[in-house]
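Q: This is the structure, below, for whatever I ask next.
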Amino acid sequence: MTHFSSLSLIDPLVRALEAEGYTKPTPIQQQAIPYLLQGRDLLGFAQTGTGKTAAFSLPILQRMSNLPKKRKPNAIRALILAPTRELAAQIADSFKAYGQYLELTTLAIFGGVGRGKQITDLANGIDILVATPGRFLDLANENHIVLKDLEFFVLDEADQMFDMGFIHDLRKIVKMIPTKRQTLLFSATMPTDIANLANTILDNPIKVEVTPIATTAEKIDQRVIFVEQQNKNALLK
């Protein structure tokens with residue numbers, strides 16, 4: 001049985017995973033983490049339920065912890081883009097949980113809420129920023145986010161972002177960030193536009209493809225049927 005401790009993760013991360021009740025890595029974590037710890041770019045074909053958040057957050061946390069840097073005003077070291085506020089919040093919570101024994105900061109920013117607190121939180125610098133594309137561009141264009149020290153860039157659920165019309169925002173963001181960085185792109189499907197983007201932003205990436213972990217036996221259609229008493233008695237005859 002493979003354990004997280006066998007993936008060359010540092011002790012604070014292994015302890016955090018144990019505290020969260022995780023001991024056995026999923027297939028995408030087993031395949032991706034060793035390469036990401038080496039600084040490789042990654043193209044991942046993965047859906048929700050495969051454990052991809054831990055697959056990219058654990059190596060980022062470890063690499064940042066191994067090379068600590070003093071925070072600068074409004075600067076960030078890692079940018080993770082997600083299509084929805086709900087997913088952005090979930091990813092940020094995962095970074096905080098896995099990094100609970102590390103001195104790294106995480107912030108999620110998204111639309112639909114006031115900007116004031118987000119601007120205040122960014123002022124002293126943040127290690128890991130999780131954002132939706134629109135809110136990120138709003139604050140970056142107003143100089144509330146400094147990108148020159150960015151080291152890690154993750155596009156999560158890329159196909160969803162394309163379906164939601166974020167393609168132009170993504171292209172703008174790619175032009176804003178440093179070219180020297182580690183880049184990860186995850187998508188459940190790979191239409192032409194996403195394939196073209198991947199070819200543009202990824203440098204000799206490793207490719208990982210996994211399917212969600214089934215919670216019930218595949219090919220079994222499970223249903224609950226409520227039967228009226230009269231019909232139920234007929235069935236029992």
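Going by the structure tokens order, chains are called A, B, ..., each with residues numbered from 1, while ligands are numbered from 1 in the order shown.
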Give me, as a PyMOL selection string, all polymer residues having an atom no more than 12 Å from A:Ser94, counting only C-alpha atoms and skipping those fewer than 2 positions away in the same chain.
A: chain A and resi 13+16-17+20+51-58+61+87-92+96-100+106-108+128+130
Q: Show which residues sit within 7 Å of A:Phe4, as a VMD selection string. Count only C-alpha atoms, and ignore same-chain residues fewer than 6 positions away.
A: chain A and resid 14 23 to 25
Q: A:Ala158: which residues within 8 Å, counting only C-alpha atoms, same-chain residues fewer than 6 positions away excluded, as a short mmCIF file (atom, residue, chain, number, x, y, z; two decimals) with all heavy atoms, in the first residue's frame?
A:
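As written to disk, out-v9.cif reads:
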data_model
loop_
_atom_site.label_atom_id
_atom_site.label_comp_id
_atom_site.auth_asym_id
_atom_site.auth_seq_id
_atom_site.Cartn_x
_atom_site.Cartn_y
_atom_site.Cartn_z
N ALA A 82 -9.40 29.44 -11.01
CA ALA A 82 -10.53 28.51 -11.01
C ALA A 82 -11.74 29.20 -11.63
O ALA A 82 -11.87 30.42 -11.56
CB ALA A 82 -10.84 28.05 -9.59
N PRO A 83 -12.67 28.45 -12.22
CA PRO A 83 -13.78 29.07 -12.92
C PRO A 83 -14.87 29.66 -12.04
O PRO A 83 -15.59 30.57 -12.48
CB PRO A 83 -14.34 27.93 -13.78
CG PRO A 83 -13.95 26.69 -13.06
CD PRO A 83 -12.63 26.99 -12.42
N LEU A 185 -1.77 22.71 -15.98
CA LEU A 185 -3.10 22.89 -16.57
C LEU A 185 -3.89 21.60 -16.41
O LEU A 185 -3.43 20.53 -16.79
CB LEU A 185 -2.99 23.27 -18.05
CG LEU A 185 -4.30 23.64 -18.77
CD1 LEU A 185 -4.02 24.64 -19.90
CD2 LEU A 185 -5.00 22.41 -19.34
N PHE A 186 -5.08 21.73 -15.81
CA PHE A 186 -5.96 20.59 -15.62
C PHE A 186 -7.26 20.81 -16.37
O PHE A 186 -7.83 21.90 -16.32
CB PHE A 186 -6.28 20.39 -14.13
CG PHE A 186 -5.10 19.96 -13.31
CD1 PHE A 186 -4.30 20.92 -12.68
CD2 PHE A 186 -4.78 18.63 -13.15
CE1 PHE A 186 -3.21 20.53 -11.92
CE2 PHE A 186 -3.69 18.24 -12.39
CZ PHE A 186 -2.91 19.19 -11.77
N SER A 187 -7.73 19.77 -17.04
CA SER A 187 -8.98 19.87 -17.79
C SER A 187 -9.59 18.48 -17.92
O SER A 187 -8.87 17.50 -18.07
CB SER A 187 -8.72 20.47 -19.17
OG SER A 187 -9.92 20.69 -19.87
N ALA A 188 -10.92 18.41 -17.85
CA ALA A 188 -11.58 17.13 -18.02
C ALA A 188 -11.63 16.73 -19.49
O ALA A 188 -11.67 15.54 -19.81
CB ALA A 188 -12.99 17.19 -17.44
N ILE A 194 -8.22 24.70 -25.91
CA ILE A 194 -7.44 24.39 -24.71
C ILE A 194 -6.11 23.74 -25.10
O ILE A 194 -5.07 24.03 -24.50
CB ILE A 194 -8.23 23.48 -23.75
CG1 ILE A 194 -9.47 24.22 -23.25
CG2 ILE A 194 -7.37 23.05 -22.57
CD1 ILE A 194 -10.33 23.42 -22.31
#
Q: Enumerate as number ranges by chain all residues of stretch 85-191 of chain A assigned to alpha helix (DSSP H) by DSSP on the backbone, naming them with the chain letters and numbers the document uses.
A: A: 85-98, 116-122, 133-141, 158-163, 167-176
Q: Write out as a list in words each polymer residue whose atoms come within 10 Å of A:Thr183, counting only C-alpha atoms; drop sequence neighbours fewer than 5 positions from it.
A: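 After dropping sequence-adjacent residues, the list is Leu36, Gly39, Arg40, Asp41, Leu42, Leu43, Ala78, Leu79, Ile80, Glu151, Phe152, Phe153, Val154, Leu155, Ala198, Ile201, Leu202, Asp203 and Pro205 of chain A.
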Q: At what distance in Å, to one decimal, does atom CA of A:Arg77 lie from atom CA of A:Leu129?
A: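 Taking atom CA of A:Leu129 and atom CA of A:Arg77, their separation equals 7.9 Å.
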Q: If you run DSSP on this backbone, which residues of stretch 113-175 of chain A come out as strand (DSSP E or B), and could you give them as a list of chain:residue names?
A: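 Residues meeting the strand (DSSP E or B) criterion: A:Ile126, A:Asp127, A:Ile128, A:Leu129, A:Val130, A:Ala131, A:Val146, A:Phe152, A:Phe153, A:Val154, A:Leu155.
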Q: Which of these, A:Gln182, A:Ser65, A:Thr200, A:Thr192, has the shortest distance to A:Ile10 once you count only C-alpha atoms?
A: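 Of A:Gln182, A:Ser65, A:Thr200, A:Thr192, the one nearest A:Ile10 is A:Ser65, counting only C-alpha atoms.
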Q: Out of A:Val210, A:Asp138, A:Phe95, A:Pro73, which residue has the shortest atom-to-atom distance to A:Phe110 when counting only C-alpha atoms?
A: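 Counting only C-alpha atoms, the residue closest to A:Phe110 is A:Asp138.
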Q: In Å, with one decimal, what is the gap from atom CA of A:Phe166 to atom CA of A:Leu197?
A: 12.5 Å
Q: Rank A:Ile76, A:Leu122, A:Ile109, A:Leu102 by their smallest atom-to-atom distance to A:Ile177, using only C-alpha atoms, and report the top residue only.
A: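 Checking each candidate against A:Ile177, we get A:Ile76 as the closest.
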